[in-house]
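With PDB, C-alpha atoms and all ligand atoms inside, this is model.pdb:
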MODEL        1
ATOM      1  CA  MET S 117     -31.098  72.684  -5.182  1.00  0.00           C
ATOM      2  CA  TYR S 118     -32.901  72.018  -8.424  1.00  0.00           C
ATOM      3  CA  LYS S 119     -35.307  69.552  -6.842  1.00  0.00           C
ATOM      4  CA  PHE S 120     -36.220  72.260  -4.404  1.00  0.00           C
ATOM      5  CA  PHE S 121     -36.634  74.738  -7.243  1.00  0.00           C
ATOM      6  CA  ILE S 122     -38.955  72.389  -9.122  1.00  0.00           C
ATOM      7  CA  SER S 123     -41.139  71.631  -6.117  1.00  0.00           C
ATOM      8  CA  PHE S 124     -41.291  75.336  -5.386  1.00  0.00           C
ATOM      9  CA  LEU S 125     -42.455  76.008  -8.948  1.00  0.00           C
ATOM     10  CA  ARG S 126     -45.022  73.207  -8.695  1.00  0.00           C
ATOM     11  CA  GLN S 127     -46.465  74.717  -5.563  1.00  0.00           C
ATOM     12  CA  LEU S 128     -46.513  78.117  -7.141  1.00  0.00           C
ATOM     13  CA  GLU S 129     -48.293  76.709 -10.164  1.00  0.00           C
ATOM     14  CA  ASN S 130     -50.956  75.078  -7.999  1.00  0.00           C
ATOM     15  CA  ASN S 131     -51.571  78.296  -6.129  1.00  0.00           C
ATOM     16  CA  ILE S 132     -51.991  80.294  -9.286  1.00  0.00           C
ATOM     17  CA  PHE S 133     -55.021  78.333 -10.510  1.00  0.00           C
ATOM     18  CA  PRO S 134     -57.685  79.317 -11.233  1.00  0.00           C
ATOM     19  CA  GLY S 135     -56.177  81.847 -13.606  1.00  0.00           C
ATOM     20  CA  ARG S 136     -56.712  82.571 -17.259  1.00  0.00           C
ATOM     21  CA  CYS S 137     -55.566  80.879 -20.442  1.00  0.00           C
ATOM     22  CA  SER S 138     -52.882  83.077 -22.026  1.00  0.00           C
ATOM     23  CA  VAL S 139     -54.222  82.186 -25.472  1.00  0.00           C
ATOM     24  CA  CYS S 140     -58.057  82.368 -25.329  1.00  0.00           C
ATOM     25  CA  HIS S 141     -58.313  84.276 -22.004  1.00  0.00           C
ATOM     26  CA  HIS S 142     -60.964  81.949 -20.596  1.00  0.00           C
ATOM     27  CA  ALA S 143     -60.694  80.954 -16.954  1.00  0.00           C
ATOM     28  CA  GLY S 144     -58.406  77.960 -16.510  1.00  0.00           C
ATOM     29  CA  PRO S 145     -54.749  76.981 -16.559  1.00  0.00           C
ATOM     30  CA  ALA S 146     -52.085  79.129 -18.269  1.00  0.00           C
ATOM     31  CA  ILE S 147     -52.791  77.333 -21.531  1.00  0.00           C
ATOM     32  CA  CYS S 148     -56.176  75.605 -21.401  1.00  0.00           C
ATOM     33  CA  PRO S 149     -56.568  71.988 -22.604  1.00  0.00           C
ATOM     34  CA  ALA S 150     -58.558  73.090 -25.687  1.00  0.00           C
ATOM     35  CA  CYS S 151     -55.852  75.540 -26.784  1.00  0.00           C
ATOM     36  CA  ARG S 152     -53.139  72.982 -26.013  1.00  0.00           C
ATOM     37  CA  ALA S 153     -54.871  70.359 -28.153  1.00  0.00           C
ATOM     38  CA  SER S 154     -55.289  72.732 -31.071  1.00  0.00           C
ATOM     39  CA  ILE S 155     -51.560  73.457 -31.408  1.00  0.00           C
ATOM     40  CA  ASN S 156     -50.209  71.468 -34.369  1.00  0.00           C
ATOM     41  CA  ARG S 157     -47.180  69.515 -33.277  1.00  0.00           C
ATOM     42  CA  LEU S 158     -44.274  69.239 -35.705  1.00  0.00           C
ATOM     43  CA  PRO S 159     -43.289  65.717 -36.814  1.00  0.00           C
ATOM     44  CA  ILE S 160     -40.091  64.199 -35.439  1.00  0.00           C
ATOM     45  CA  SER S 161     -37.775  64.474 -38.415  1.00  0.00           C
ATOM     46  CA  CYS S 162     -34.335  65.445 -39.658  1.00  0.00           C
ATOM     47  CA  PRO S 163     -34.212  69.225 -39.053  1.00  0.00           C
ATOM     48  CA  LEU S 164     -32.417  69.826 -42.363  1.00  0.00           C
ATOM     49  CA  CYS S 165     -34.319  67.776 -44.945  1.00  0.00           C
ATOM     50  CA  GLY S 166     -37.502  66.845 -43.077  1.00  0.00           C
ATOM     51  CA  GLN S 167     -37.391  63.081 -43.609  1.00  0.00           C
ATOM     52  CA  ALA S 168     -38.528  60.971 -40.659  1.00  0.00           C
ATOM     53  CA  SER S 169     -35.720  60.440 -38.177  1.00  0.00           C
ATOM     54  CA  ALA S 170     -35.644  58.911 -34.684  1.00  0.00           C
ATOM     55  CA  ARG S 171     -35.287  61.529 -31.939  1.00  0.00           C
ATOM     56  CA  GLY S 172     -35.031  64.301 -34.529  1.00  0.00           C
ATOM     57  CA  LEU S 173     -31.455  63.359 -35.377  1.00  0.00           C
ATOM     58  CA  ILE S 174     -29.823  64.868 -38.454  1.00  0.00           C
ATOM     59  CA  CYS S 175     -30.039  62.067 -41.040  1.00  0.00           C
ATOM     60  CA  SER S 176     -26.944  60.427 -42.522  1.00  0.00           C
ATOM     61  CA  GLU S 177     -27.458  62.179 -45.848  1.00  0.00           C
ATOM     62  CA  CYS S 178     -27.465  65.600 -44.191  1.00  0.00           C
ATOM     63  CA  ALA S 179     -24.755  64.775 -41.641  1.00  0.00           C
ATOM     64  CA  ASP S 180     -21.967  65.464 -44.131  1.00  0.00           C
ATOM     65  CA  GLY S 181     -21.412  69.059 -45.018  1.00  0.00           C
ATOM     66  CA  ASN S 182     -23.450  70.768 -42.328  1.00  0.00           C
ATOM     67  CA  ASN S 183     -21.602  72.844 -39.764  1.00  0.00           C
ATOM     68  CA  LEU S 184     -24.004  72.497 -36.840  1.00  0.00           C
ATOM     69  CA  SER S 185     -22.514  71.205 -33.607  1.00  0.00           C
ATOM     70  CA  PHE S 186     -25.751  69.648 -32.371  1.00  0.00           C
ATOM     71  CA  ASP S 187     -26.906  66.257 -33.628  1.00  0.00           C
ATOM     72  CA  GLY S 188     -30.655  66.678 -33.687  1.00  0.00           C
ATOM     73  CA  LEU S 189     -33.599  68.972 -33.092  1.00  0.00           C
ATOM     74  CA  ILE S 190     -37.016  68.394 -31.616  1.00  0.00           C
ATOM     75  CA  ALA S 191     -39.301  71.426 -31.822  1.00  0.00           C
ATOM     76  CA  TYR S 192     -42.803  71.118 -30.381  1.00  0.00           C
ATOM     77  CA  ALA S 193     -44.509  73.310 -32.997  1.00  0.00           C
ATOM     78  CA  SER S 194     -43.925  75.999 -35.571  1.00  0.00           C
ATOM     79  CA  TYR S 195     -43.613  79.596 -34.403  1.00  0.00           C
ATOM     80  CA  GLU S 196     -46.186  80.340 -37.124  1.00  0.00           C
ATOM     81  CA  ASP S 197     -48.806  78.509 -35.047  1.00  0.00           C
ATOM     82  CA  ALA S 198     -50.859  81.469 -33.796  1.00  0.00           C
ATOM     83  CA  LYS S 199     -51.831  79.877 -30.470  1.00  0.00           C
ATOM     84  CA  LEU S 200     -48.315  78.819 -29.625  1.00  0.00           C
ATOM     85  CA  LYS S 201     -47.068  82.242 -30.627  1.00  0.00           C
ATOM     86  CA  SER S 202     -49.369  84.002 -28.188  1.00  0.00           C
ATOM     87  CA  ALA S 203     -48.373  81.618 -25.376  1.00  0.00           C
ATOM     88  CA  LEU S 204     -44.692  82.322 -26.056  1.00  0.00           C
ATOM     89  CA  HIS S 205     -45.412  86.018 -26.227  1.00  0.00           C
ATOM     90  CA  ALA S 206     -47.067  85.846 -22.801  1.00  0.00           C
ATOM     91  CA  LEU S 207     -44.093  83.913 -21.456  1.00  0.00           C
ATOM     92  CA  LYS S 208     -41.670  86.513 -22.727  1.00  0.00           C
ATOM     93  CA  PHE S 209     -43.506  89.664 -21.753  1.00  0.00           C
ATOM     94  CA  GLN S 210     -45.687  88.727 -18.776  1.00  0.00           C
ATOM     95  CA  GLY S 211     -43.010  86.442 -17.422  1.00  0.00           C
ATOM     96  CA  THR S 212     -45.482  84.159 -15.736  1.00  0.00           C
ATOM     97  CA  VAL S 213     -43.850  81.099 -14.270  1.00  0.00           C
ATOM     98  CA  ASP S 214     -46.812  78.821 -14.945  1.00  0.00           C
ATOM     99  CA  ILE S 215     -46.734  79.345 -18.727  1.00  0.00           C
ATOM    100  CA  GLY S 216     -43.064  78.376 -18.863  1.00  0.00           C
ATOM    101  CA  LEU S 217     -43.637  75.275 -16.754  1.00  0.00           C
ATOM    102  CA  LEU S 218     -46.688  74.251 -18.735  1.00  0.00           C
ATOM    103  CA  LEU S 219     -44.943  74.634 -22.082  1.00  0.00           C
ATOM    104  CA  GLY S 220     -42.076  72.611 -20.608  1.00  0.00           C
ATOM    105  CA  LYS S 221     -44.467  69.845 -19.567  1.00  0.00           C
ATOM    106  CA  MET S 222     -45.938  69.736 -23.083  1.00  0.00           C
ATOM    107  CA  LEU S 223     -42.429  69.437 -24.525  1.00  0.00           C
ATOM    108  CA  GLY S 224     -41.527  66.848 -21.883  1.00  0.00           C
ATOM    109  CA  ARG S 225     -44.467  64.604 -22.826  1.00  0.00           C
ATOM    110  CA  ARG S 226     -43.470  64.897 -26.470  1.00  0.00           C
ATOM    111  CA  LEU S 227     -39.906  63.856 -25.623  1.00  0.00           C
ATOM    112  CA  LEU S 228     -41.068  60.974 -23.411  1.00  0.00           C
ATOM    113  CA  SER S 229     -43.266  59.630 -26.208  1.00  0.00           C
ATOM    114  CA  ILE S 230     -40.293  59.155 -28.529  1.00  0.00           C
ATOM    115  CA  TRP S 231     -37.436  58.456 -26.135  1.00  0.00           C
ATOM    116  CA  PRO S 232     -36.265  54.896 -25.322  1.00  0.00           C
ATOM    117  CA  ARG S 233     -37.364  53.798 -21.847  1.00  0.00           C
ATOM    118  CA  GLU S 234     -34.066  52.220 -20.795  1.00  0.00           C
ATOM    119  CA  GLU S 235     -32.473  53.735 -17.735  1.00  0.00           C
ATOM    120  CA  SER S 236     -29.137  53.902 -19.587  1.00  0.00           C
ATOM    121  CA  GLU S 237     -30.725  56.175 -22.211  1.00  0.00           C
ATOM    122  CA  ARG S 238     -31.762  58.867 -19.728  1.00  0.00           C
ATOM    123  CA  PRO S 239     -30.529  62.151 -21.154  1.00  0.00           C
ATOM    124  CA  LEU S 240     -29.230  65.099 -19.176  1.00  0.00           C
ATOM    125  CA  LEU S 241     -31.349  68.257 -19.467  1.00  0.00           C
ATOM    126  CA  ILE S 242     -29.480  71.557 -19.789  1.00  0.00           C
ATOM    127  CA  PRO S 243     -31.247  74.887 -20.427  1.00  0.00           C
ATOM    128  CA  LEU S 244     -29.633  77.427 -22.728  1.00  0.00           C
ATOM    129  CA  PRO S 245     -28.440  80.175 -20.408  1.00  0.00           C
ATOM    130  CA  LEU S 246     -29.131  83.857 -20.792  1.00  0.00           C
ATOM    131  CA  HIS S 247     -26.259  86.205 -20.241  1.00  0.00           C
ATOM    132  CA  PRO S 248     -26.316  87.343 -16.576  1.00  0.00           C
ATOM    133  CA  ARG S 249     -26.915  90.940 -17.617  1.00  0.00           C
ATOM    134  CA  ARG S 250     -29.953  90.051 -19.670  1.00  0.00           C
ATOM    135  CA  LYS S 251     -31.216  87.791 -16.895  1.00  0.00           C
ATOM    136  CA  ARG S 252     -30.993  90.708 -14.479  1.00  0.00           C
ATOM    137  CA  GLU S 253     -32.978  92.848 -16.897  1.00  0.00           C
ATOM    138  CA  ARG S 254     -35.682  90.237 -17.361  1.00  0.00           C
ATOM    139  CA  GLY S 255     -35.561  88.627 -13.947  1.00  0.00           C
ATOM    140  CA  TYR S 256     -35.686  85.016 -15.101  1.00  0.00           C
ATOM    141  CA  ASN S 257     -34.560  82.702 -17.894  1.00  0.00           C
ATOM    142  CA  GLN S 258     -37.511  81.207 -19.751  1.00  0.00           C
ATOM    143  CA  ALA S 259     -35.400  78.256 -20.982  1.00  0.00           C
ATOM    144  CA  GLN S 260     -34.840  77.347 -17.339  1.00  0.00           C
ATOM    145  CA  LEU S 261     -38.591  77.346 -16.636  1.00  0.00           C
ATOM    146  CA  ILE S 262     -39.219  75.170 -19.683  1.00  0.00           C
ATOM    147  CA  ALA S 263     -36.447  72.783 -18.599  1.00  0.00           C
ATOM    148  CA  ALA S 264     -37.999  72.543 -15.122  1.00  0.00           C
ATOM    149  CA  GLY S 265     -41.310  71.577 -16.785  1.00  0.00           C
ATOM    150  CA  VAL S 266     -39.580  68.923 -18.908  1.00  0.00           C
ATOM    151  CA  ALA S 267     -37.840  67.523 -15.813  1.00  0.00           C
ATOM    152  CA  ALA S 268     -41.132  67.447 -13.883  1.00  0.00           C
ATOM    153  CA  VAL S 269     -42.822  65.084 -16.380  1.00  0.00           C
ATOM    154  CA  THR S 270     -39.818  63.017 -17.496  1.00  0.00           C
ATOM    155  CA  GLY S 271     -37.917  62.675 -14.215  1.00  0.00           C
ATOM    156  CA  TRP S 272     -34.703  63.188 -16.192  1.00  0.00           C
ATOM    157  CA  PRO S 273     -31.800  64.898 -14.435  1.00  0.00           C
ATOM    158  CA  LEU S 274     -31.548  68.638 -14.904  1.00  0.00           C
ATOM    159  CA  GLN S 275     -28.322  70.569 -14.690  1.00  0.00           C
ATOM    160  CA  GLY S 276     -29.225  74.208 -14.578  1.00  0.00           C
ATOM    161  CA  ASP S 277     -26.091  76.170 -13.927  1.00  0.00           C
ATOM    162  CA  ALA S 278     -22.990  74.509 -15.377  1.00  0.00           C
ATOM    163  CA  LEU S 279     -23.360  75.891 -18.901  1.00  0.00           C
ATOM    164  CA  LYS S 280     -22.537  79.589 -18.751  1.00  0.00           C
ATOM    165  CA  ARG S 281     -22.763  82.484 -21.101  1.00  0.00           C
ATOM    166  CA  THR S 282     -19.668  84.602 -20.977  1.00  0.00           C
ATOM    167  CA  ARG S 283     -20.375  87.627 -23.127  1.00  0.00           C
ATOM    168  CA  TYR S 284     -23.341  89.905 -23.494  1.00  0.00           C
ATOM    169  CA  GLN S 285     -24.878  89.252 -26.871  1.00  0.00           C
ATOM    170  CA  ALA S 286     -25.982  92.472 -28.532  1.00  0.00           C
ATOM    171  CA  PRO S 287     -28.590  92.178 -31.310  1.00  0.00           C
ATOM    172  CA  SER S 288     -26.525  90.744 -34.151  1.00  0.00           C
ATOM    173  CA  SER S 289     -27.548  93.405 -36.674  1.00  0.00           C
ATOM    174  CA  SER S 290     -25.561  95.988 -34.717  1.00  0.00           C
ATOM    175  CA  LEU S 291     -22.392  93.912 -34.746  1.00  0.00           C
ATOM    176  CA  GLY S 292     -19.508  94.103 -37.181  1.00  0.00           C
ATOM    177  CA  TYR S 293     -17.665  91.068 -38.475  1.00  0.00           C
ATOM    178  CA  ARG S 294     -15.038  91.134 -35.741  1.00  0.00           C
ATOM    179  CA  HIS S 295     -17.669  91.193 -33.012  1.00  0.00           C
ATOM    180  CA  ARG S 296     -19.600  88.404 -34.628  1.00  0.00           C
ATOM    181  CA  GLN S 297     -16.432  86.346 -34.524  1.00  0.00           C
ATOM    182  CA  GLN S 298     -16.022  87.079 -30.838  1.00  0.00           C
ATOM    183  CA  GLN S 299     -19.467  85.626 -30.236  1.00  0.00           C
ATOM    184  CA  ASP S 300     -18.037  82.245 -31.177  1.00  0.00           C
ATOM    185  CA  LYS S 301     -16.962  81.738 -27.593  1.00  0.00           C
ATOM    186  CA  ILE S 302     -19.972  82.986 -25.712  1.00  0.00           C
ATOM    187  CA  PHE S 303     -20.647  79.659 -23.967  1.00  0.00           C
ATOM    188  CA  VAL S 304     -18.489  77.713 -21.601  1.00  0.00           C
ATOM    189  CA  TYR S 305     -19.318  74.500 -19.770  1.00  0.00           C
ATOM    190  CA  GLU S 306     -18.043  74.508 -16.198  1.00  0.00           C
ATOM    191  CA  GLY S 307     -19.617  71.358 -14.762  1.00  0.00           C
ATOM    192  CA  GLU S 308     -18.216  67.875 -14.286  1.00  0.00           C
ATOM    193  CA  ASN S 309     -17.242  65.902 -17.381  1.00  0.00           C
ATOM    194  CA  ILE S 310     -20.486  64.797 -19.048  1.00  0.00           C
ATOM    195  CA  ASN S 311     -18.863  61.468 -19.875  1.00  0.00           C
ATOM    196  CA  ASN S 312     -20.218  60.860 -23.334  1.00  0.00           C
ATOM    197  CA  GLN S 313     -23.811  61.191 -22.112  1.00  0.00           C
ATOM    198  CA  THR S 314     -26.646  62.399 -24.330  1.00  0.00           C
ATOM    199  CA  VAL S 315     -27.647  65.966 -23.538  1.00  0.00           C
ATOM    200  CA  ILE S 316     -30.940  67.657 -24.365  1.00  0.00           C
ATOM    201  CA  LEU S 317     -30.277  71.359 -24.713  1.00  0.00           C
ATOM    202  CA  ILE S 318     -33.473  73.301 -24.018  1.00  0.00           C
ATOM    203  CA  ASP S 319     -34.561  76.691 -25.315  1.00  0.00           C
ATOM    204  CA  ASP S 320     -37.839  78.447 -26.095  1.00  0.00           C
ATOM    205  CA  ILE S 321     -37.369  79.196 -29.810  1.00  0.00           C
ATOM    206  CA  ILE S 322     -34.836  78.097 -32.404  1.00  0.00           C
ATOM    207  CA  THR S 323     -34.299  80.203 -35.520  1.00  0.00           C
ATOM    208  CA  THR S 324     -31.050  79.703 -37.445  1.00  0.00           C
ATOM    209  CA  GLY S 325     -29.631  77.323 -34.842  1.00  0.00           C
ATOM    210  CA  GLU S 326     -26.389  79.296 -34.632  1.00  0.00           C
ATOM    211  CA  THR S 327     -26.638  80.037 -30.909  1.00  0.00           C
ATOM    212  CA  ALA S 328     -27.715  76.490 -30.061  1.00  0.00           C
ATOM    213  CA  SER S 329     -24.839  75.179 -32.156  1.00  0.00           C
ATOM    214  CA  THR S 330     -22.300  77.280 -30.253  1.00  0.00           C
ATOM    215  CA  ALA S 331     -23.747  76.077 -26.950  1.00  0.00           C
ATOM    216  CA  ALA S 332     -23.711  72.455 -28.180  1.00  0.00           C
ATOM    217  CA  GLN S 333     -20.032  72.809 -29.039  1.00  0.00           C
ATOM    218  CA  ALA S 334     -19.307  73.999 -25.488  1.00  0.00           C
ATOM    219  CA  LEU S 335     -21.161  70.926 -24.152  1.00  0.00           C
ATOM    220  CA  LYS S 336     -19.154  68.639 -26.420  1.00  0.00           C
ATOM    221  CA  ASN S 337     -15.965  70.277 -25.194  1.00  0.00           C
ATOM    222  CA  GLY S 338     -17.265  69.316 -21.751  1.00  0.00           C
ATOM    223  CA  GLY S 339     -17.554  65.655 -22.774  1.00  0.00           C
ATOM    224  CA  ALA S 340     -21.118  65.413 -24.110  1.00  0.00           C
ATOM    225  CA  GLY S 341     -21.721  62.613 -26.644  1.00  0.00           C
ATOM    226  CA  THR S 342     -24.896  63.378 -28.572  1.00  0.00           C
ATOM    227  CA  VAL S 343     -26.556  66.787 -28.174  1.00  0.00           C
ATOM    228  CA  VAL S 344     -30.199  67.106 -29.194  1.00  0.00           C
ATOM    229  CA  VAL S 345     -31.764  70.567 -29.059  1.00  0.00           C
ATOM    230  CA  ALA S 346     -35.375  70.669 -27.821  1.00  0.00           C
ATOM    231  CA  THR S 347     -37.440  73.816 -28.184  1.00  0.00           C
ATOM    232  CA  ILE S 348     -41.044  74.875 -27.882  1.00  0.00           C
ATOM    233  CA  ALA S 349     -41.026  76.544 -31.290  1.00  0.00           C
ATOM    234  CA  ARG S 350     -39.118  76.567 -34.521  1.00  0.00           C
ATOM    235  CA  ALA S 351     -39.106  79.821 -36.479  1.00  0.00           C
ATOM    236  CA  GLY S 352     -38.108  80.247 -40.107  1.00  0.00           C
TER     237      GLY S 352
HETATM  238 ZN    ZN C 401     -57.357  78.612 -24.107  1.00  0.00          ZN
HETATM  239 ZN    ZN C 402     -31.695  65.069 -43.531  1.00  0.00          ZN
ENDMDL
END
Write out the structure in this file as structure tokens.
Amino acid sequence: MYKFFISFLRQLENNIFPGRCSVCHHAGPAICPACRASINRLPISCPLCGQASARGLICSECADGNNLSFDGLIAYASYEDAKLKSALHALKFQGTVDIGLLLGKMLGRRLLSIWPREESERPLLIPLPLHPRRKRERGYNQAQLIAAGVAAVTGWPLQGDALKRTRYQAPSSSLGYRHRQQQDKIFVYEGENINNQTVILIDDIITTGETASTAAQALKNGGAGTVVVATIARAG
């Protein structure tokens, strides 16, 4: 099913060109090569202290005393990067499939460049799901598009529908303490046992990491070994 989905998206992408760059508005792909090259990529480092760390894993010094359920973070660039910000804005509000795929391919190349080549190290790609109600409102899940782009360049397996969101997440400012507590269980993994495999959990933007951490915990309950979060942008 997913292979079909990816080839469908590829075809769609090819048919869309020539379009316009969502950043500089010149004719070309959804993000033109010049704009792509001018986005400053973040170094691969411990997400908590910033010291160099393979695969963006939380370093041993930071591993004690943090309450995150994921083990590492790879973010392509900072949300403060103006060009990346306008591409993400276009993805969110114009909903164009080709921007999501292209951003996913950029992230995929970044991941490939730092990931071991051994077959046994192939991670499983899982997009962070939107709640069904929000997906109906928006019509698509941008994390799923990004994950399809990552899968297209890496060839890594993608599991798109086993991690589910069970409750509608209202903007957190409108929630009281009790409701915030209820959000603790908003993800559930319903696929086959992941069997200690490494999972790359994919989303568009990471801010505090709270949501990704809750999702990572659900994946670990489902048998995941290491969970590395990979996002297009890191905010804050
Ligand atoms: Zn451009
Ligand atoms: Zn650290």
Residues of region 120-222 of chain S that approach region 319-330 of chain S to 10 Å or less, counting only C-alpha atoms: could you list each one with the shortest pair of atoms and its distance in Å to one decimal, rows by chain and increasing residue number, as a tab-separated table?
residue	atom	partner	partner_atom	distance
S:Asn183	CA	S:Ser329	CA	8.6
S:Leu184	CA	S:Ser329	CA	5.5
S:Ser185	CA	S:Ser329	CA	4.8
S:Phe186	CA	S:Ser329	CA	5.6
S:Asp187	CA	S:Ser329	CA	9.3
S:Leu189	CA	S:Ile322	CA	9.2
S:Ile190	CA	S:Ile322	CA	10.0
S:Ala191	CA	S:Ile322	CA	8.0
S:Tyr192	CA	S:Ile321	CA	9.8
S:Ala193	CA	S:Ile321	CA	9.8
S:Ser194	CA	S:Ile321	CA	9.3
S:Tyr195	CA	S:Ile321	CA	7.8
S:Leu204	CA	S:Asp320	CA	7.9
S:Leu207	CA	S:Asp320	CA	9.5
S:Lys208	CA	S:Asp320	CA	9.5
S:Gly216	CA	S:Asp320	CA	8.9
S:Leu219	CA	S:Asp320	CA	9.0
S:Gly220	CA	S:Asp320	CA	9.1
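In this model, the gap between CA of Leu164 (chain S) and CA of Asn182 (chain S) comes to 9.0 Å.
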- Measuring atom to atom with all atoms listed in the file, identify which of S:Pro159, S:Ser154, S:Leu227, S:Leu279 is nearest to ligand ZN 401 (chain C).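 Of S:Pro159, S:Ser154, S:Leu227, S:Leu279, the one nearest ligand ZN 401 (chain C), counting all atoms listed in the file, is S:Ser154.
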- Task: Decode the PyMOL selection byres (((not hetatm)) within 6 of (chain C and resi 402)) for the given file into explicit residues and return them as a PyMOL selection string.
- Result: chain S and resi 162+164-165+174-175+177-178
- Task: Give as a list in words the residues surrounding ligand ZN 401 (chain C) up to a distance of 8 Å, considering only C-alpha atoms and all ligand atoms.
- Result: Arg136, Cys137, Ser138, Val139, Cys140, His141, His142, Gly144, Ala146, Ile147, Cys148, Pro149, Ala150, Cys151 and Arg152 of chain S
- Close residues, region 233-244 of chain S itself excluded, 6 Å, only C-alpha atoms, min 3 positions apart in chain, as a VMD selection string: chain S and resid 259 to 260 263 273 to 276 314 to 319
- Do you have the CA of Trp272 (chain S)-CA of Gly255 (chain S) distance handy?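 Distance reported for this atom pair: 25.6 Å.
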- In Å, rounded to a single decimal, give me how far CA of Arg225 (chain S) is from CA of Gly339 (chain S).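 Pair CA of Gly339 (chain S) / CA of Arg225 (chain S) returns 26.9 Å.
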Name all residues at most 8 Å from Ala170 (chain S) (count all atoms listed in the file; drop same-chain ones fewer than 4 positions away) and give them as a CSV table (one decimal) with C-alpha atoms, in the frame of the given file.
chain,number,residue,atom,x,y,z
S,160,ILE,CA,-40.1,64.2,-35.4
S,161,SER,CA,-37.8,64.5,-38.4
S,230,ILE,CA,-40.3,59.2,-28.5
Radius query 12 Å about (-19.4, 76.6, -23.4), atoms used: only C-alpha atoms, as a CSV table (one decimal) with C-alpha atoms, in the frame of the given file:
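selection.csv written:
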chain,number,residue,atom,x,y,z
S,185,SER,CA,-22.5,71.2,-33.6
S,242,ILE,CA,-29.5,71.6,-19.8
S,244,LEU,CA,-29.6,77.4,-22.7
S,245,PRO,CA,-28.4,80.2,-20.4
S,277,ASP,CA,-26.1,76.2,-13.9
S,278,ALA,CA,-23.0,74.5,-15.4
S,279,LEU,CA,-23.4,75.9,-18.9
S,280,LYS,CA,-22.5,79.6,-18.8
S,281,ARG,CA,-22.8,82.5,-21.1
S,282,THR,CA,-19.7,84.6,-21.0
S,283,ARG,CA,-20.4,87.6,-23.1
S,299,GLN,CA,-19.5,85.6,-30.2
S,300,ASP,CA,-18.0,82.2,-31.2
S,301,LYS,CA,-17.0,81.7,-27.6
S,302,ILE,CA,-20.0,83.0,-25.7
S,303,PHE,CA,-20.6,79.7,-24.0
S,304,VAL,CA,-18.5,77.7,-21.6
S,305,TYR,CA,-19.3,74.5,-19.8
S,306,GLU,CA,-18.0,74.5,-16.2
S,307,GLY,CA,-19.6,71.4,-14.8
S,327,THR,CA,-26.6,80.0,-30.9
S,328,ALA,CA,-27.7,76.5,-30.1
S,329,SER,CA,-24.8,75.2,-32.2
S,330,THR,CA,-22.3,77.3,-30.3
S,331,ALA,CA,-23.7,76.1,-27.0
S,332,ALA,CA,-23.7,72.5,-28.2
S,333,GLN,CA,-20.0,72.8,-29.0
S,334,ALA,CA,-19.3,74.0,-25.5
S,335,LEU,CA,-21.2,70.9,-24.2
S,336,LYS,CA,-19.2,68.6,-26.4
S,337,ASN,CA,-16.0,70.3,-25.2
S,338,GLY,CA,-17.3,69.3,-21.8
S,339,GLY,CA,-17.6,65.7,-22.8
S,340,ALA,CA,-21.1,65.4,-24.1
For region 257-269 of chain S, supply N, CA and C atoms and report the output as a short mmCIF file (atom, residue, chain, number, x, y, z; two decimals), in the coordinates of the input.
data_model
loop_
_atom_site.label_atom_id
_atom_site.label_comp_id
_atom_site.auth_asym_id
_atom_site.auth_seq_id
_atom_site.Cartn_x
_atom_site.Cartn_y
_atom_site.Cartn_z
N ASN S 257 -34.92 83.28 -16.60
CA ASN S 257 -34.56 82.70 -17.89
C ASN S 257 -35.67 81.74 -18.31
N GLN S 258 -36.36 82.05 -19.39
CA GLN S 258 -37.51 81.21 -19.75
C GLN S 258 -37.10 79.78 -20.13
N ALA S 259 -35.86 79.61 -20.65
CA ALA S 259 -35.40 78.26 -20.98
C ALA S 259 -35.30 77.40 -19.72
N GLN S 260 -34.96 78.06 -18.61
CA GLN S 260 -34.84 77.35 -17.34
C GLN S 260 -36.22 76.89 -16.83
N LEU S 261 -37.22 77.73 -17.02
CA LEU S 261 -38.59 77.35 -16.64
C LEU S 261 -39.07 76.17 -17.48
N ILE S 262 -38.81 76.25 -18.78
CA ILE S 262 -39.22 75.17 -19.68
C ILE S 262 -38.51 73.87 -19.29
N ALA S 263 -37.21 73.98 -19.00
CA ALA S 263 -36.45 72.78 -18.60
C ALA S 263 -37.00 72.19 -17.31
N ALA S 264 -37.42 73.04 -16.38
CA ALA S 264 -38.00 72.54 -15.12
C ALA S 264 -39.29 71.78 -15.41
N GLY S 265 -40.09 72.28 -16.38
CA GLY S 265 -41.31 71.58 -16.78
C GLY S 265 -41.01 70.23 -17.42
N VAL S 266 -39.98 70.19 -18.27
CA VAL S 266 -39.58 68.92 -18.91
C VAL S 266 -39.14 67.93 -17.83
N ALA S 267 -38.33 68.40 -16.89
CA ALA S 267 -37.84 67.52 -15.81
C ALA S 267 -38.99 67.00 -14.96
N ALA S 268 -40.01 67.85 -14.74
CA ALA S 268 -41.13 67.45 -13.88
C ALA S 268 -41.90 66.26 -14.47
N VAL S 269 -42.06 66.21 -15.81
CA VAL S 269 -42.82 65.08 -16.38
C VAL S 269 -41.94 63.89 -16.77
#
